[in-house]
Amino acid sequence: MAINNTTGSFPFMEFPMAFSRQDSFPLDKTSVYGSLAAAQTYAQTSPLAYVGQVLSVVVDGVATIYQIKNTAGELEPLGTGDLEGDVASVINAKTASTENINEMIGEVYGAENEAEG
């Protein structure tokens, strides 16, 4: 039941002062949960939940960050990509080959200016 608040205007309050934490709890009580089930319940049933809202789930002292993905209140994890995987193959897949670069240079400047490699 998350709300998509990008489709219209809504009231807001400008607050010209900074907050200063007085204790170790979140400023927004709906931002941290002790289980994924509790976060899902909030995202799917609360009239305060909104698409794009970031929620933290802390289980056994380890936090995982989620965002509310859609108006159905589905959660998707943020920043959980495999950074330990085969980095070279990812880079190679995202990097243009010399042939591609030559083709681009040839289209812009003419074939006589192609890169060597």
# chains A, B, ... in the order shown; residues from 1 in each chain; ligands from 1
$ select_by_dssp --residues "chain A" --states "alpha helix (DSSP H)" --output "NGL selection string"
:A and (36-45 or 87-94 or 98-109)
$ closest_atom_pairs --of "segment 50-102 of chain A" --to "segment 18-28 of chain A" --cutoff "12 Å" --atoms "only C-alpha atoms" --output "JSON lines"
{"residue": "A:Gln53", "atom": "CA", "partner": "A:Asp28", "partner_atom": "CA", "distance": 11.3}
{"residue": "A:Val54", "atom": "CA", "partner": "A:Asp28", "partner_atom": "CA", "distance": 10.8}
{"residue": "A:Leu55", "atom": "CA", "partner": "A:Asp28", "partner_atom": "CA", "distance": 10.1}
{"residue": "A:Ser56", "atom": "CA", "partner": "A:Pro26", "partner_atom": "CA", "distance": 10.3}
$ write_last_selection --atoms "N, CA and C atoms" --output "PDB file, in the first residue's frame"
ATOM      1  N   GLN A  53      11.060   4.832  -0.381  1.00  0.00           N
ATOM      2  CA  GLN A  53      11.462   4.965   1.020  1.00  0.00           C
ATOM      3  C   GLN A  53      12.520   3.922   1.353  1.00  0.00           C
ATOM      4  N   VAL A  54      13.535   4.339   2.089  1.00  0.00           N
ATOM      5  CA  VAL A  54      14.634   3.454   2.472  1.00  0.00           C
ATOM      6  C   VAL A  54      14.378   2.935   3.880  1.00  0.00           C
ATOM      7  N   LEU A  55      14.477   1.606   4.039  1.00  0.00           N
ATOM      8  CA  LEU A  55      14.270   0.949   5.323  1.00  0.00           C
ATOM      9  C   LEU A  55      15.494   0.109   5.661  1.00  0.00           C
ATOM     10  N   SER A  56      15.837   0.044   6.933  1.00  0.00           N
ATOM     11  CA  SER A  56      16.917  -0.824   7.395  1.00  0.00           C
ATOM     12  C   SER A  56      16.315  -1.982   8.171  1.00  0.00           C
TER      13      SER A  56
END
$ residues_around --residues "Pro77 of chain A" --least-positions-apart "4" --cutoff "8 Å" --atoms "only C-alpha atoms" --output "list in words"
Thr64, Ile65, Tyr66 and Gln67 of chain A
$ write_last_selection --atoms "C-alpha atoms" --output "CSV table (one decimal), in the first residue's frame"
chain,number,residue,atom,x,y,z
A,64,THR,CA,20.6,-4.7,5.3
A,65,ILE,CA,19.2,-1.7,3.5
A,66,TYR,CA,16.0,-2.0,1.4
A,67,GLN,CA,13.9,0.4,-0.5
$ residues_around --residues "Gly73 of chain A" --least-positions-apart "2" --cutoff "8 Å" --atoms "only C-alpha atoms" --output "PyMOL selection string"
chain A and resi 1-2+40+43-45+49+51+68-71+75
$ select_by_dssp --residues "segment 51-108 of chain A" --states "strand (DSSP E or B)" --output "list in words"
Val54, Leu55, Ser56, Val57, Val58, Val59, Val62, Ala63, Thr64, Ile65, Tyr66, Gln67, Ile68, Leu75, Glu76 and Pro77 of chain A
$ write_last_selection --atoms "N, CA and C atoms" --output "short mmCIF file (atom, residue, chain, number, x, y, z; two decimals), in the first residue's frame"
data_model
loop_
_atom_site.label_atom_id
_atom_site.label_comp_id
_atom_site.auth_asym_id
_atom_site.auth_seq_id
_atom_site.Cartn_x
_atom_site.Cartn_y
_atom_site.Cartn_z
N VAL A 54 13.53 4.34 2.09
CA VAL A 54 14.63 3.45 2.47
C VAL A 54 14.38 2.93 3.88
N LEU A 55 14.48 1.61 4.04
CA LEU A 55 14.27 0.95 5.32
C LEU A 55 15.49 0.11 5.66
N SER A 56 15.84 0.04 6.93
CA SER A 56 16.92 -0.82 7.40
C SER A 56 16.32 -1.98 8.17
N VAL A 57 16.85 -3.17 7.93
CA VAL A 57 16.45 -4.36 8.68
C VAL A 57 17.70 -4.86 9.38
N VAL A 58 17.64 -4.94 10.71
CA VAL A 58 18.78 -5.38 11.50
C VAL A 58 18.46 -6.74 12.11
N VAL A 59 19.21 -7.76 11.69
CA VAL A 59 19.03 -9.12 12.20
C VAL A 59 20.38 -9.60 12.72
N VAL A 62 23.34 -7.30 12.23
CA VAL A 62 23.79 -6.98 10.87
C VAL A 62 22.64 -6.28 10.13
N ALA A 63 22.93 -5.11 9.57
CA ALA A 63 21.91 -4.34 8.87
C ALA A 63 21.93 -4.61 7.38
N THR A 64 20.74 -4.69 6.80
CA THR A 64 20.56 -4.75 5.35
C THR A 64 19.62 -3.62 4.98
N ILE A 65 19.96 -2.89 3.92
CA ILE A 65 19.19 -1.73 3.50
C ILE A 65 18.26 -2.14 2.35
N TYR A 66 17.00 -1.71 2.43
CA TYR A 66 16.00 -1.98 1.40
C TYR A 66 15.34 -0.67 0.99
N GLN A 67 14.73 -0.69 -0.18
CA GLN A 67 13.85 0.41 -0.54
C GLN A 67 12.51 -0.16 -0.95
N ILE A 68 11.46 0.63 -0.76
CA ILE A 68 10.14 0.21 -1.20
C ILE A 68 10.11 0.40 -2.71
N LEU A 75 9.75 -4.94 -1.27
CA LEU A 75 11.06 -4.41 -0.89
C LEU A 75 12.14 -4.97 -1.81
N GLU A 76 13.12 -4.15 -2.15
CA GLU A 76 14.28 -4.63 -2.88
C GLU A 76 15.53 -4.20 -2.14
N PRO A 77 16.49 -5.12 -2.01
CA PRO A 77 17.73 -4.78 -1.30
C PRO A 77 18.55 -3.78 -2.09
#
$ atom_distance --atom1 "atom CA of Gly79 of chain A" --atom2 "atom CA of Asp60 of chain A"
19.2 Å
$ atom_distance --atom1 "atom CA of Leu78 of chain A" --atom2 "atom CA of Thr41 of chain A"
18.5 Å
$ atom_distance --atom1 "atom CA of Gly8 of chain A" --atom2 "atom CA of Lys29 of chain A"
25.1 Å
